[in-house]
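One structure below.
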Amino acid sequence: MLGGPSAERNVSLSTGGAVARALRALGHNVTELDPQQPDWILPVPTDMVFLALHGTYGEDGTVQQQLDTLGVPYTGCDAEASRIAFDKVLTKQRCVSAGVPTAKFAVVDSAATSWPRGWEPPVVVKPVRQGSSVGLQFVERVSDWSGALREAFRYDTQLLVEEKIEGRETTVGILDGAALPVVEVRPKQGAYDYRNKYTAGATEYFCPAPFDCEITQRIQTAALGAFCAIGGRDYARVDVMVRATGEPVVLEVNTLPGMTETSLLPKAAAAAGMSYERLCQRMIELALNRRGPLVKAA
């Protein structure tokens, strides 16, 4: 399943196209289904669904719930974990309850909300239920606050406000209960926003990230903690800021991360010695293992 109705449709089409090519190269019979409308129908027979959707509908638990009703196995987290992870406030609450380090935050429900009392800029404003940095706003001055809220409210009815963590930006792939090598993300200019994320050459990536062993382990432990806190299964990608002191701060959990061959989860898998095709195959195995042993392609 690729494409879909969300603001991240184009990213999803890229992910799905790359996955479909890899699965065909492995010998699987693949049908590409774009669920733009709610009355989609799976081809018969369908052994399993590889979810390559991003954003609303694909990552918020909706399609997972539909597939559960159909009794068809699918890749990635279940409906409840997807719902929690897609909601940045619920994710924060789960992290706090589990003792996972995360940034100070507040919730905003109206564009008329005044600057939060006791806070100092800079802060980050995010739509609560969006991904791929859609609607992300960096507020460096109090005078920028109202404009940032107006822009972010274009994408959701509720916003998350976080302290802006100064430090190094990393992401950790989780696969089958284990943390993959840490990826460090270094935009050449500005922050890791939508433009820098999807503009070729705008960002440098380092994997394994150049941290010492102790800090690397702390980052991976925090990422795994967040993954467990939302009830994750099979795989995900967890974004983690690292303060100058080496303290990790979890930002969010991505239950259906990008899966083009240059995406961050495949980069981390490659650093662990796993090819792109093998990564896709492992994701299939994890899904089908919930139904019984996989009959591998010839």
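FYI, nothing fancy with the structure tokens labels: chains A, B, ... in order, residues from 1 per chain, ligands from 1 as they appear.
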
Contacts of range 40-53 of chain A at 7 Å or less, counting only C-alpha atoms, minus same-chain residues fewer than 5 places along, as a PyMOL selection string?
chain A and resi 1-4+12+15-16+35+58-59+72-75+256

I need the chosen residues saved as a short mmCIF file (atom, residue, chain, number, x, y, z; two decimals), in the first residue's frame, with all heavy atoms.
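The resulting file, out.cif, is reproduced below:
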```cif
data_model
loop_
_atom_site.label_atom_id
_atom_site.label_comp_id
_atom_site.auth_asym_id
_atom_site.auth_seq_id
_atom_site.Cartn_x
_atom_site.Cartn_y
_atom_site.Cartn_z
N MET A 1 0.85 -1.18 0.00
CA MET A 1 0.00 0.00 0.00
C MET A 1 0.89 1.24 0.00
O MET A 1 1.78 1.37 0.85
CB MET A 1 -0.90 0.01 1.23
CG MET A 1 -2.18 -0.80 1.07
SD MET A 1 -3.30 -0.50 2.48
CE MET A 1 -4.80 -1.20 1.81
N LEU A 2 0.62 2.13 -0.90
CA LEU A 2 1.45 3.33 -1.05
C LEU A 2 0.58 4.49 -1.50
O LEU A 2 -0.53 4.29 -2.00
CB LEU A 2 2.57 3.09 -2.06
CG LEU A 2 2.22 3.06 -3.56
CD1 LEU A 2 3.49 3.04 -4.38
CD2 LEU A 2 1.34 1.89 -3.95
N GLY A 3 1.10 5.71 -1.33
CA GLY A 3 0.35 6.89 -1.73
C GLY A 3 -0.60 7.34 -0.64
O GLY A 3 -0.18 7.95 0.34
N GLY A 4 -1.88 7.05 -0.80
CA GLY A 4 -2.86 7.40 0.21
C GLY A 4 -3.27 8.86 0.16
O GLY A 4 -2.83 9.63 -0.70
N SER A 12 5.27 8.94 0.33
CA SER A 12 4.80 7.56 0.39
C SER A 12 4.93 6.87 -0.96
O SER A 12 5.28 5.68 -1.03
CB SER A 12 3.35 7.53 0.86
OG SER A 12 2.83 6.21 0.80
N THR A 15 8.53 5.84 -1.27
CA THR A 15 8.78 4.68 -0.40
C THR A 15 8.20 3.41 -1.01
O THR A 15 8.89 2.38 -1.13
CB THR A 15 8.16 4.92 0.99
OG1 THR A 15 9.02 5.77 1.74
CG2 THR A 15 8.02 3.62 1.78
N GLY A 16 6.94 3.48 -1.40
CA GLY A 16 6.28 2.29 -1.92
C GLY A 16 6.89 1.77 -3.21
O GLY A 16 7.02 0.56 -3.41
N PRO A 35 -4.52 3.57 -1.70
CA PRO A 35 -5.83 3.73 -1.05
C PRO A 35 -6.24 5.20 -0.89
O PRO A 35 -6.38 5.71 0.21
CB PRO A 35 -5.61 3.06 0.31
CG PRO A 35 -4.18 3.35 0.62
CD PRO A 35 -3.45 3.32 -0.72
N GLY A 58 -2.47 6.34 7.09
CA GLY A 58 -1.49 5.26 7.05
C GLY A 58 -0.78 5.01 8.36
O GLY A 58 -0.48 3.86 8.70
N GLU A 59 -0.49 6.09 9.09
CA GLU A 59 0.30 5.94 10.32
C GLU A 59 -0.50 6.15 11.60
O GLU A 59 0.04 5.95 12.69
CB GLU A 59 1.47 6.94 10.30
CG GLU A 59 2.61 6.53 9.38
CD GLU A 59 3.81 7.43 9.53
OE1 GLU A 59 4.67 7.15 10.38
OE2 GLU A 59 3.89 8.44 8.78
N VAL A 72 -5.91 -9.73 7.66
CA VAL A 72 -4.73 -9.83 6.79
C VAL A 72 -3.52 -9.27 7.54
O VAL A 72 -3.57 -8.14 8.03
CB VAL A 72 -4.95 -9.03 5.49
CG1 VAL A 72 -3.71 -9.09 4.60
CG2 VAL A 72 -6.17 -9.55 4.74
N PRO A 73 -2.43 -10.04 7.63
CA PRO A 73 -1.24 -9.51 8.32
C PRO A 73 -0.62 -8.36 7.54
O PRO A 73 -0.73 -8.29 6.31
CB PRO A 73 -0.30 -10.71 8.39
CG PRO A 73 -0.75 -11.64 7.32
CD PRO A 73 -2.22 -11.41 7.15
N TYR A 74 0.02 -7.45 8.28
CA TYR A 74 0.64 -6.28 7.66
C TYR A 74 1.91 -5.94 8.41
O TYR A 74 2.10 -6.31 9.57
CB TYR A 74 -0.32 -5.09 7.67
CG TYR A 74 -0.91 -4.76 9.03
CD1 TYR A 74 -0.24 -3.89 9.91
CD2 TYR A 74 -2.11 -5.32 9.45
CE1 TYR A 74 -0.77 -3.59 11.15
CE2 TYR A 74 -2.64 -5.03 10.69
CZ TYR A 74 -1.97 -4.17 11.54
OH TYR A 74 -2.48 -3.88 12.78
N THR A 75 2.78 -5.21 7.73
CA THR A 75 4.07 -4.85 8.32
C THR A 75 3.90 -3.74 9.34
O THR A 75 3.03 -2.88 9.22
CB THR A 75 5.06 -4.40 7.24
OG1 THR A 75 4.49 -3.32 6.50
CG2 THR A 75 5.41 -5.54 6.30
N LEU A 256 6.02 4.14 10.65
CA LEU A 256 6.22 3.75 9.25
C LEU A 256 7.22 4.72 8.62
O LEU A 256 6.86 5.60 7.84
CB LEU A 256 4.90 3.77 8.47
CG LEU A 256 3.89 2.66 8.80
CD1 LEU A 256 2.61 2.83 7.99
CD2 LEU A 256 4.50 1.27 8.54
#
```

If you count only C-alpha atoms, which residues fall within 10 Å of Gly177 in chain A, apart from same-chain ones fewer than 6 positions away, as a VMD selection string?
chain A and resid 224 227 to 228 232 to 236

Written file, previous selection with all heavy atoms, as a compact mmCIF listing (two decimals), in the first residue's frame:
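Generated file (result_7.txt):
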```txt
# COMPACT_ATOMS: atom_id res chain seq x y z
N LEU A 224 14.90 2.77 22.29
CA LEU A 224 14.18 1.53 22.58
C LEU A 224 13.12 1.75 23.65
O LEU A 224 12.03 1.17 23.59
CB LEU A 224 15.17 0.45 23.04
CG LEU A 224 15.81 -0.40 21.95
CD1 LEU A 224 16.93 -1.26 22.54
CD2 LEU A 224 14.78 -1.28 21.25
N PHE A 227 10.13 3.31 21.99
CA PHE A 227 9.47 2.30 21.16
C PHE A 227 8.61 1.38 22.02
O PHE A 227 7.45 1.09 21.68
CB PHE A 227 10.55 1.51 20.42
CG PHE A 227 10.03 0.41 19.53
CD1 PHE A 227 9.38 0.71 18.34
CD2 PHE A 227 10.22 -0.92 19.87
CE1 PHE A 227 8.93 -0.31 17.50
CE2 PHE A 227 9.76 -1.94 19.04
CZ PHE A 227 9.12 -1.63 17.85
N CYS A 228 9.14 0.95 23.14
CA CYS A 228 8.39 0.08 24.05
C CYS A 228 7.25 0.85 24.72
O CYS A 228 6.17 0.30 24.95
CB CYS A 228 9.31 -0.51 25.10
SG CYS A 228 10.52 -1.69 24.44
N GLY A 232 5.31 -0.51 20.58
CA GLY A 232 5.74 -0.81 19.22
C GLY A 232 6.04 -2.28 18.99
O GLY A 232 6.32 -3.04 19.92
N ARG A 233 5.98 -2.68 17.73
CA ARG A 233 6.37 -4.05 17.35
C ARG A 233 7.06 -3.99 15.98
O ARG A 233 6.87 -3.06 15.20
CB ARG A 233 5.16 -4.97 17.28
CG ARG A 233 4.28 -4.77 16.08
CD ARG A 233 3.10 -5.72 16.02
NE ARG A 233 2.38 -5.51 14.77
CZ ARG A 233 1.16 -5.99 14.52
NH1 ARG A 233 0.53 -6.71 15.45
NH2 ARG A 233 0.58 -5.76 13.36
N ASP A 234 7.88 -4.96 15.71
CA ASP A 234 8.55 -5.18 14.43
C ASP A 234 9.62 -4.13 14.13
O ASP A 234 10.80 -4.44 14.16
CB ASP A 234 7.58 -5.23 13.26
CG ASP A 234 6.69 -6.46 13.29
OD1 ASP A 234 6.78 -7.25 14.26
OD2 ASP A 234 5.88 -6.63 12.35
N TYR A 235 9.22 -2.90 13.83
CA TYR A 235 10.22 -1.89 13.49
C TYR A 235 9.64 -0.48 13.63
O TYR A 235 8.42 -0.29 13.67
CB TYR A 235 10.77 -2.09 12.07
CG TYR A 235 9.75 -1.92 10.98
CD1 TYR A 235 9.54 -0.68 10.37
CD2 TYR A 235 9.00 -3.00 10.52
CE1 TYR A 235 8.61 -0.51 9.36
CE2 TYR A 235 8.07 -2.85 9.50
CZ TYR A 235 7.87 -1.61 8.92
OH TYR A 235 6.95 -1.45 7.93
N ALA A 236 10.54 0.48 13.70
CA ALA A 236 10.16 1.90 13.74
C ALA A 236 11.46 2.69 13.65
O ALA A 236 12.56 2.11 13.55
CB ALA A 236 9.42 2.25 15.03
```

Residues of range 93-291 of chain A classed as strand (DSSP E or B) by DSSP on the backbone are to be reported as a count of residues only.
55

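Excluding Arg24 in chain A itself and any same-chain residue fewer than 6 positions from it, the protein and nucleic acid residues within 12 Å of it, counting only C-alpha atoms, are Gly17, Ala18, Val30, Thr31, Glu32, Glu277, Cys280, Gln281, Ala297 and Ala298 of chain A.
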
Preceding selection exported with all heavy atoms as a PDB file, in the first residue's frame:
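Okay, this is what ended up in result29.pdb:
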```pdb
ATOM      1  N   GLY A  17       7.288   2.688  -4.076  1.00  0.00           N
ATOM      2  CA  GLY A  17       7.926   2.268  -5.317  1.00  0.00           C
ATOM      3  C   GLY A  17       9.229   1.529  -5.068  1.00  0.00           C
ATOM      4  O   GLY A  17       9.511   0.501  -5.705  1.00  0.00           O
ATOM      5  N   ALA A  18      10.030   2.046  -4.128  1.00  0.00           N
ATOM      6  CA  ALA A  18      11.304   1.387  -3.810  1.00  0.00           C
ATOM      7  C   ALA A  18      11.078   0.012  -3.194  1.00  0.00           C
ATOM      8  O   ALA A  18      11.763  -0.965  -3.533  1.00  0.00           O
ATOM      9  CB  ALA A  18      12.112   2.273  -2.857  1.00  0.00           C
ATOM     10  N   VAL A  30       3.905  -8.948  -6.434  1.00  0.00           N
ATOM     11  CA  VAL A  30       3.559  -7.685  -5.781  1.00  0.00           C
ATOM     12  C   VAL A  30       2.486  -6.941  -6.563  1.00  0.00           C
ATOM     13  O   VAL A  30       2.604  -6.752  -7.778  1.00  0.00           O
ATOM     14  CB  VAL A  30       4.807  -6.780  -5.633  1.00  0.00           C
ATOM     15  CG1 VAL A  30       4.439  -5.457  -4.963  1.00  0.00           C
ATOM     16  CG2 VAL A  30       5.901  -7.495  -4.856  1.00  0.00           C
ATOM     17  N   THR A  31       1.445  -6.507  -5.864  1.00  0.00           N
ATOM     18  CA  THR A  31       0.446  -5.601  -6.415  1.00  0.00           C
ATOM     19  C   THR A  31       0.519  -4.288  -5.657  1.00  0.00           C
ATOM     20  O   THR A  31       0.533  -4.289  -4.420  1.00  0.00           O
ATOM     21  CB  THR A  31      -0.976  -6.180  -6.271  1.00  0.00           C
ATOM     22  OG1 THR A  31      -1.050  -7.423  -6.973  1.00  0.00           O
ATOM     23  CG2 THR A  31      -2.015  -5.222  -6.828  1.00  0.00           C
ATOM     24  N   GLU A  32       0.599  -3.167  -6.359  1.00  0.00           N
ATOM     25  CA  GLU A  32       0.648  -1.856  -5.716  1.00  0.00           C
ATOM     26  C   GLU A  32      -0.771  -1.302  -5.606  1.00  0.00           C
ATOM     27  O   GLU A  32      -1.471  -1.178  -6.599  1.00  0.00           O
ATOM     28  CB  GLU A  32       1.550  -0.907  -6.500  1.00  0.00           C
ATOM     29  CG  GLU A  32       3.008  -1.368  -6.522  1.00  0.00           C
ATOM     30  CD  GLU A  32       3.899  -0.495  -7.381  1.00  0.00           C
ATOM     31  OE1 GLU A  32       3.716   0.743  -7.353  1.00  0.00           O
ATOM     32  OE2 GLU A  32       4.770  -1.049  -8.078  1.00  0.00           O
ATOM     33  N   GLU A 277      17.237  -5.037   0.272  1.00  0.00           N
ATOM     34  CA  GLU A 277      16.324  -6.146  -0.018  1.00  0.00           C
ATOM     35  C   GLU A 277      16.144  -7.039   1.200  1.00  0.00           C
ATOM     36  O   GLU A 277      15.024  -7.483   1.500  1.00  0.00           O
ATOM     37  CB  GLU A 277      16.848  -6.974  -1.200  1.00  0.00           C
ATOM     38  CG  GLU A 277      16.759  -6.278  -2.542  1.00  0.00           C
ATOM     39  CD  GLU A 277      17.864  -5.259  -2.760  1.00  0.00           C
ATOM     40  OE1 GLU A 277      18.831  -5.225  -1.944  1.00  0.00           O
ATOM     41  OE2 GLU A 277      17.758  -4.470  -3.724  1.00  0.00           O
ATOM     42  N   CYS A 280      13.750  -5.390   3.683  1.00  0.00           N
ATOM     43  CA  CYS A 280      12.354  -5.552   3.281  1.00  0.00           C
ATOM     44  C   CYS A 280      11.865  -6.971   3.552  1.00  0.00           C
ATOM     45  O   CYS A 280      10.743  -7.178   4.030  1.00  0.00           O
ATOM     46  CB  CYS A 280      12.190  -5.208   1.805  1.00  0.00           C
ATOM     47  SG  CYS A 280      12.441  -3.461   1.408  1.00  0.00           S
ATOM     48  N   GLN A 281      12.700  -7.951   3.243  1.00  0.00           N
ATOM     49  CA  GLN A 281      12.330  -9.341   3.486  1.00  0.00           C
ATOM     50  C   GLN A 281      12.116  -9.604   4.973  1.00  0.00           C
ATOM     51  O   GLN A 281      11.162 -10.285   5.358  1.00  0.00           O
ATOM     52  CB  GLN A 281      13.435 -10.264   2.952  1.00  0.00           C
ATOM     53  CG  GLN A 281      13.192 -11.746   3.177  1.00  0.00           C
ATOM     54  CD  GLN A 281      12.049 -12.303   2.340  1.00  0.00           C
ATOM     55  OE1 GLN A 281      11.720 -11.743   1.292  1.00  0.00           O
ATOM     56  NE2 GLN A 281      11.435 -13.375   2.798  1.00  0.00           N
ATOM     57  N   ALA A 297      10.226 -16.830  -0.895  1.00  0.00           N
ATOM     58  CA  ALA A 297      10.233 -16.831  -2.342  1.00  0.00           C
ATOM     59  C   ALA A 297      11.411 -17.616  -2.856  1.00  0.00           C
ATOM     60  O   ALA A 297      12.475 -17.689  -2.220  1.00  0.00           O
ATOM     61  CB  ALA A 297      10.279 -15.388  -2.843  1.00  0.00           C
ATOM     62  N   ALA A 298      11.238 -18.200  -4.027  1.00  0.00           N
ATOM     63  CA  ALA A 298      12.322 -18.993  -4.619  1.00  0.00           C
ATOM     64  C   ALA A 298      13.464 -18.074  -5.043  1.00  0.00           C
ATOM     65  O   ALA A 298      13.254 -16.933  -5.384  1.00  0.00           O
ATOM     66  CB  ALA A 298      11.777 -19.734  -5.825  1.00  0.00           C
TER      67      ALA A 298
END
```

Between CA of Ala269 in chain A and CA of His28 in chain A - distance in Å to one decimal:
21.1 Å

Counting only C-alpha atoms, the residue of A:Glu261, A:Asp39, A:Glu163, A:Glu151 that sits nearest Phe105 in chain A
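Answer, going by the shortest atom-to-atom distance: A:Glu163.
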
Point-to-point distance in Å for CA of Val124 in chain A and CA of Cys213 in chain A
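CA of Val124 in chain A lies 29.7 Å from CA of Cys213 in chain A.
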
Determine, for each residue of range 169-276 of chain A having at least one atom at most 10 Å from an atom of range 89-92 of chain A, the closest pair of atoms and their separation in Å to one decimal, counting only C-alpha atoms; order by chain and ascending number, as a tab-separated table.
```
residue	atom	partner	partner_atom	distance
A:Ala226	CA	A:Thr91	CA	8.1
A:Phe227	CA	A:Thr91	CA	9.6
A:Ala229	CA	A:Thr91	CA	7.9
A:Ile230	CA	A:Thr91	CA	6.5
A:Val250	CA	A:Lys92	CA	8.9
A:Leu251	CA	A:Lys92	CA	8.3
A:Glu252	CA	A:Thr91	CA	7.0
A:Val253	CA	A:Thr91	CA	7.6
```

DSSP-assigned alpha helix (DSSP H) members of range 88-221 of chain A, reported as a ChimeraX atom specification:
/A:88-98,145-152,194-198,213-221

Any chance you could export the current selection's C-alpha atoms as a PDB file, in the first residue's frame?
```pdb
ATOM      1  CA  LYS A  88       2.781  13.553  19.594  1.00  0.00           C
ATOM      2  CA  VAL A  89       1.033  14.395  22.877  1.00  0.00           C
ATOM      3  CA  LEU A  90       0.133  10.763  23.623  1.00  0.00           C
ATOM      4  CA  THR A  91       3.704   9.772  22.770  1.00  0.00           C
ATOM      5  CA  LYS A  92       5.053  12.393  25.160  1.00  0.00           C
ATOM      6  CA  GLN A  93       2.752  11.179  27.920  1.00  0.00           C
ATOM      7  CA  ARG A  94       3.832   7.568  27.402  1.00  0.00           C
ATOM      8  CA  CYS A  95       7.511   8.572  27.465  1.00  0.00           C
ATOM      9  CA  VAL A  96       7.071  10.580  30.662  1.00  0.00           C
ATOM     10  CA  SER A  97       5.249   7.670  32.339  1.00  0.00           C
ATOM     11  CA  ALA A  98       7.988   5.246  31.272  1.00  0.00           C
ATOM     12  CA  TRP A 145       4.758  33.247  18.054  1.00  0.00           C
ATOM     13  CA  SER A 146       1.411  34.235  16.513  1.00  0.00           C
ATOM     14  CA  GLY A 147       2.585  33.711  12.939  1.00  0.00           C
ATOM     15  CA  ALA A 148       3.986  30.291  13.803  1.00  0.00           C
ATOM     16  CA  LEU A 149       0.699  29.224  15.365  1.00  0.00           C
ATOM     17  CA  ARG A 150      -1.293  30.359  12.329  1.00  0.00           C
ATOM     18  CA  GLU A 151       0.954  28.417   9.981  1.00  0.00           C
ATOM     19  CA  ALA A 152       1.028  25.234  12.080  1.00  0.00           C
ATOM     20  CA  TYR A 194      10.742  19.532   5.399  1.00  0.00           C
ATOM     21  CA  ARG A 195      12.946  21.311   2.840  1.00  0.00           C
ATOM     22  CA  ASN A 196      16.232  19.987   4.217  1.00  0.00           C
ATOM     23  CA  LYS A 197      14.743  16.530   4.670  1.00  0.00           C
ATOM     24  CA  TYR A 198      13.652  16.136   1.063  1.00  0.00           C
ATOM     25  CA  CYS A 213      30.322   3.830  22.999  1.00  0.00           C
ATOM     26  CA  GLU A 214      28.693   5.037  26.219  1.00  0.00           C
ATOM     27  CA  ILE A 215      26.737   7.866  24.583  1.00  0.00           C
ATOM     28  CA  THR A 216      25.767   5.638  21.649  1.00  0.00           C
ATOM     29  CA  GLN A 217      24.332   3.127  24.095  1.00  0.00           C
ATOM     30  CA  ARG A 218      22.429   5.861  25.939  1.00  0.00           C
ATOM     31  CA  ILE A 219      20.884   7.074  22.672  1.00  0.00           C
ATOM     32  CA  GLN A 220      19.879   3.542  21.669  1.00  0.00           C
ATOM     33  CA  THR A 221      18.460   2.804  25.129  1.00  0.00           C
TER      34      THR A 221
END
```
